[in-house]
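Q: Have a look at this one.
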Amino acid sequence: MGRDVSVTAPPEATASAARRRRAQLNYLLTVLPAFPLVLLVLRLWYLSRQDLPTMLLLVQYISPLGMISALFITLIWTVPAVILVLRTLGGILLVSAPTPADATRSLLAVTALRMPDWVVALAAVLAGFTWQLRLLPALFMLVVAIMGLTAVQRRGPGQRLVLLVITLGVPSALGLVILIWMWPGIAAAVSAGEITTALLLTAPPLLGPLLTGPVPPWAARFVTHWPAVAAALVAPFVVGVVFLRAPVLPDSAVEVASGTGPAQVVRGQLIAVDDTSTTVLGRDGVVIFLSNGDVRSKTLCPGRTSPPDSAIAVRGWPVAESALQWVAPTRRVTEVDPRCLGRPN
Amino acid sequence: MKRRASMERGEAVADVTGTSPHDDPDAAATAPAEAASDEPSSLVALAPIRLAGLGVALVLVIAITFVKLFHTGPPSIDDLRAQAGVDSWQELTVGVKDDQPGVGYYDKRTKIWSGFDIDVAYMIAEDLGFRRAEVKFYAIESEDRARMQATDESGRRVPVKMVIASYSITPAREAMAGVTFSAPYLYTEQSVITLAEHAKVTTLQDLGGKAVCTISASTSRTAPAVAGATVVQRNRVSECFDALRTHQVEAVTTDAAILAGYESQDPKDLKHWDLGLDNTEAWGVNVGENTALRDLVNVTLYRSLKDPRDHRWEDAYLRNLQVETAASEPTPIAVAQQPDVPRPRVRELPWDGTYP
């Protein structure tokens with residue numbers, strides 16, 4: 001890694017710099033697993049509206065497995081995103097940096113260089129299933145970019161034609177195919193005024209052929225290393241925002257009536273049912289204990305936290321759904337239970 | 001200068017170490033610098049374009065992430081329901097007219113509400129998730145429609161969530177505090193009714209100098225005054241008809257859809273006349289200051305207009321107004337087509353994909 005630096009710097013300085021960098025990496029790897037834990041605790045704190053007793057009650061009742069399931073389902077798509085973006089940006093830095101030392105000064109390039117091919121392949125497959133349709137053009141862009149960059153990086157002499165095909169031919173052809181396939185969706189998104197959807201479907205196929213080779217050396221670090229650093233800083237917040245919006249408790253409606261009085265509906269998230277009471281976290285963050293004798297009925301209410309934010313579909317496939325969601329059986333909510341609207345049955 | 005120096009260093013290193021990029025993965029990175037002379041021209045020539053492409057991609061990623069995180073676009077139906085507070089209402093209180101047959105009428109004997117406004121209210125309530133038994137109608141006077149204060153049978157004042165009471169949309173009313181109109185749900189026009197033996201009336205000028213009754217706080221007050229008639233105002237249209245039958249006034253003028261109800265009930269004694277006025281009276285739903293509720297009402301009206309399988313407006317028109325047209329012939333009573341409703345700004349309509 002520091003071989004070339006030996007020409008310009010004393011060996012002891014190089015060794016200490018390498019040690020420092022390794023130590024920093026070790027600390028990073030130690031802290032990283034704590035991040036999901038922080039997310040889970042933050043989610044509970046958010047759910048309890050910053051009220052410590054409520055949070056402790058939630059901790060007592062909420063199953064960690066349930067929370068981890070919610071975390072997994074909500075954030076599974078981010079894993080391939082991180083891997084593929086790292087590999088692409090690192091690959092561009094590797095093939096464009098003026099010197100290898102310049103490239104490998106960046107953790108990004110080192111990560112990309114040492115990333116096994118099967119990890120990239122697995123990430124691409126995982127993304128193919130878990131990313132929403134509107135992100136699939138971006139996935140194709142990343143995959144063709146990684147293929148092109150790998151070819152440039154490992155090329156041998158006399159492979160000019162192969163290189164040309166992989167860096168320009170394949171991305172252009174694939175981009176064209178994607179554009180043709182996505183065309184009905186693009187047209188629908190433009191006519192519906194969904195600019196972000198239209199951009200997500202159009203831009204990646206056009207940009208794909210441009211990310212398959214080196215950029216000018218003077219700009220390489222600026223457009224790869226620093227965006228990656230910025231993304232690493234911002235990512236925890238984005239992931240946090242995404243996860244804080246995800247439901248971890250079932251949204252329900254409980255119909256209660258004491259004695260012969262009129263029935264009332266308590267709307268909220270069901271925390272627990274024990275032998276004496278049913279515990280519900282109300283919408284305003286207040287915990288309500290309902291005597292089991294008063295409970296007349298319970299119902300699950302359709303989730304209100306994740307309405308699809310796009311109404312566009314490409315050839316029958318809604319852009320806001322991933323392949324997994326599209327293929328997997330689903331329960332279409334056609335009628336809303338009146339209890340979910342706060343009225344007794 | 002700096003760049004050239006580092007390039008030279010890179011080449012020098014490659015020379016010194018003498019390793020091939022294929023021997024060591026770490027050394028693979030030396031390839032670009034080492035093989036500069038072997039570069040296919042496309043690789044080098046396209047570098048600045050690639051830089052631009054990468055820049056565009058980065059900008060797009062930042063912009064789209066920002067938009068998705070902080071600007072989530074138009075609200076969803078659920079957002080609107082939460083904003084409007086609909087989910088916490090046990091029942092839907094609606095202010096309607098109780099003395100306008102075919103529009104809003106309460107039969108005290110059978111205790112049944114009927115009329116076009118009632119059916120429109122049921123249609124909106126259905127989409128809001130209220131069953132018919134959960135919709136409570138209260139009679140509202142014309143001057144209380146802006147304040148949304150109705151009265152129950154015992155005369156007690158009741159605040160209502162929405163007013164559907166033959167309430168015409170006008171800029172002056174829209175400017176009033178506490179008045180927010182939905183899109184129009186019926187187009188009608190002003191006409192006049194007299195006793196059957198009255199001479200033919202073709203314009204309001206024919207009633208010049210004579211007493212013409214209309215509802216106070218209604219849009220029908222201006223035209224007869226301009227035409228030189230003596231305008232007599234009553235709080236309720238039924239009081240105007242009492243005055244007409246006792247010959248205190250010569251005629252009653254207000255919206256044709258309201259008068260047609262009386263005409264069809266008593267075609268022998270009354271005569272409905274077209275005035276040839278070109279002003280369209282567009283009736284709307286007043287939701288007070290609840291703009292989220294207005295959007296929800298508009299979603300229902302839009303659905304009724306655009307969904308070919310949704311016949312609720314057409315059925316309401318047929319049942320309440322179409323049946324009255326014969327008695328009022330040739331005076332038109334209303335436009336037999338639902339007024340146009342602009343597409344409400346909601347993220348996804350519940351029935352999206354079924355029609356354009």
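Identifiers for the structure tokens are assigned positionally: chains receive A, B, ... in sequence, residues are indexed from 1 per chain, and ligands are indexed from 1 in the order shown.
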Among region 206-257 of chain A, which ones does DSSP place in alpha helix (DSSP H), written as a ChimeraX atom specification?

A: /A:206-207,217-244

Q: So which residues of region 167-211 of chain B fall under strand (DSSP E) by DSSP, listed as a ChimeraX atom specification?

A: /B:186-195,211

Q: Just the number, please: distance in Å from CA of Ile166 (chain A) to CA of Gly148 (chain A), one decimal.

A: 5.5 Å

Q: For a test of reading the model, state the distance in Å between CA of Val287 (chain B) and CA of Asp307 (chain B), rounded to one decimal.

A: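 Separation of CA of Val287 (chain B) and CA of Asp307 (chain B): 23.8 Å.
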
Q: If we count only C-alpha atoms, what is near region 245-257 of chain A at a cut-off of 7 Å, once residues fewer than 6 positions away on the same chain are taken out, given as a PyMOL selection string?

A: chain A and resi 67+70+74+263-271+294-301+303+305+339-340+344
